[in-house]
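Below: one structure, written as structure tokens.
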Amino acid sequence: MTTQPQTTLSYHFMRLPEVIATVGVSKSTLYAWAAAGKFPKPVQFPGGNIAAWVSTEVAAWMSAAVDARNGTQGLAA
């Protein structure tokens with residue numbers, strides 16, 4: 001018998017108010033950036049009226065923005 005390794009997911013979903021507070025822009029700006037591919041798209045939950053962002057994707061976007069500002073994108077730390 002073969003056993004499957006257990007995978008622990010460490011996702012944290014952020015709802016819109018938390019993303020707005022974290023990133024510091026408006027709802028319309030977030031959705032415009034996501035539509036343009038400039039910001040992570042939210043995960044749509046069943047039913048279609050609930051959306052949330054994956055916290056690690058938001059953090060990676062913020063880190064990339066800081067790296068771009070500092071001119072360090074693509075450089076190893």
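Each chain of the structure tokens is named A, B, ... in the order shown, its residues numbered from 1; ligands are numbered from 1 in display order.
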Secondary structure check, alpha helix (DSSP H) residues of chain A, as number ranges by chain: A: 16-23, 27-35, 55-70
Residues of stretch 33-68 of chain A that have any atom at most 10 Å from an atom of stretch 7-14 of chain A: could you tabulate them with the shortest-distance atom pair and the distance in Å to one decimal, using only C-alpha atoms, ordered by chain and increasing number, as CSV?
residue,atom,partner,partner_atom,distance
A:Pro42,CA,A:Met14,CA,9.1
A:Val43,CA,A:Phe13,CA,8.6
A:Ala51,CA,A:Met14,CA,8.8
A:Ala52,CA,A:Met14,CA,5.2
A:Trp53,CA,A:Met14,CA,5.0
A:Val54,CA,A:Phe13,CA,4.8
A:Ser55,CA,A:His12,CA,5.5
A:Thr56,CA,A:Tyr11,CA,7.5
A:Glu57,CA,A:Tyr11,CA,9.8
A:Val58,CA,A:Met14,CA,8.9
Could you pull out the strand (DSSP E) residues of chain A from DSSP and send them as a PDB file with N, CA and C atoms, in the first residue's frame?
ATOM      1  N   PHE A  13      -6.117  34.080   3.044  1.00  0.00           N
ATOM      2  CA  PHE A  13      -6.866  34.919   2.126  1.00  0.00           C
ATOM      3  C   PHE A  13      -7.147  36.265   2.767  1.00  0.00           C
ATOM      4  N   MET A  14      -6.957  37.316   1.977  1.00  0.00           N
ATOM      5  CA  MET A  14      -7.204  38.682   2.418  1.00  0.00           C
ATOM      6  C   MET A  14      -8.446  39.191   1.700  1.00  0.00           C
ATOM      7  N   VAL A  43      -9.094  35.564  -5.860  1.00  0.00           N
ATOM      8  CA  VAL A  43      -9.692  34.237  -5.988  1.00  0.00           C
ATOM      9  C   VAL A  43     -11.197  34.414  -5.828  1.00  0.00           C
ATOM     10  N   GLN A  44     -11.961  33.894  -6.765  1.00  0.00           N
ATOM     11  CA  GLN A  44     -13.422  33.963  -6.685  1.00  0.00           C
ATOM     12  C   GLN A  44     -13.927  32.696  -6.010  1.00  0.00           C
ATOM     13  N   ALA A  51     -14.773  37.424  -3.051  1.00  0.00           N
ATOM     14  CA  ALA A  51     -13.432  37.378  -3.617  1.00  0.00           C
ATOM     15  C   ALA A  51     -12.425  37.691  -2.525  1.00  0.00           C
ATOM     16  N   ALA A  52     -11.252  37.113  -2.657  1.00  0.00           N
ATOM     17  CA  ALA A  52     -10.170  37.377  -1.708  1.00  0.00           C
ATOM     18  C   ALA A  52      -8.845  37.195  -2.425  1.00  0.00           C
ATOM     19  N   TRP A  53      -7.827  37.827  -1.900  1.00  0.00           N
ATOM     20  CA  TRP A  53      -6.489  37.734  -2.464  1.00  0.00           C
ATOM     21  C   TRP A  53      -5.638  36.821  -1.598  1.00  0.00           C
ATOM     22  N   VAL A  54      -4.690  36.127  -2.229  1.00  0.00           N
ATOM     23  CA  VAL A  54      -3.750  35.278  -1.502  1.00  0.00           C
ATOM     24  C   VAL A  54      -2.676  36.201  -0.921  1.00  0.00           C
TER      25      VAL A  54
END
Which residue gives the smallest distance to A:Pro40 among A:Glu18, A:Val66, A:Ala60, A:Gln4, with only C-alpha atoms counted?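 Nearest candidate to A:Pro40 out of A:Glu18, A:Val66, A:Ala60, A:Gln4: A:Ala60.
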For stretch 22-24 of chain A: contacts at 10 Å, only C-alpha atoms, fewer than 3 positions along chain excluded, given as a ChimeraX atom specification: /A:14,16-19,27,29-30,58-59,61-62
Can you spit out the residues from that selection as a PDB file, in the first residue's frame, using C-alpha atoms?
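Everything below was put into out.pdb:
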ATOM      1  CA  MET A  14      -7.204  38.682   2.418  1.00  0.00           C
ATOM      2  CA  LEU A  16     -10.864  43.643   0.098  1.00  0.00           C
ATOM      3  CA  PRO A  17     -10.700  45.933   3.174  1.00  0.00           C
ATOM      4  CA  GLU A  18      -7.477  44.244   4.319  1.00  0.00           C
ATOM      5  CA  VAL A  19      -5.895  44.533   0.850  1.00  0.00           C
ATOM      6  CA  LYS A  27     -10.944  49.526  -4.565  1.00  0.00           C
ATOM      7  CA  THR A  29      -7.453  51.074  -8.466  1.00  0.00           C
ATOM      8  CA  LEU A  30      -6.937  47.503  -7.210  1.00  0.00           C
ATOM      9  CA  VAL A  58       0.115  40.480  -2.357  1.00  0.00           C
ATOM     10  CA  ALA A  59       3.361  40.397  -0.344  1.00  0.00           C
ATOM     11  CA  TRP A  61       3.798  42.154  -5.441  1.00  0.00           C
ATOM     12  CA  MET A  62       4.757  44.647  -2.722  1.00  0.00           C
TER      13      MET A  62
END
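Coordinates place atom CA of A:Gln6 at a distance of 24.1 Å from atom CA of A:Phe45.
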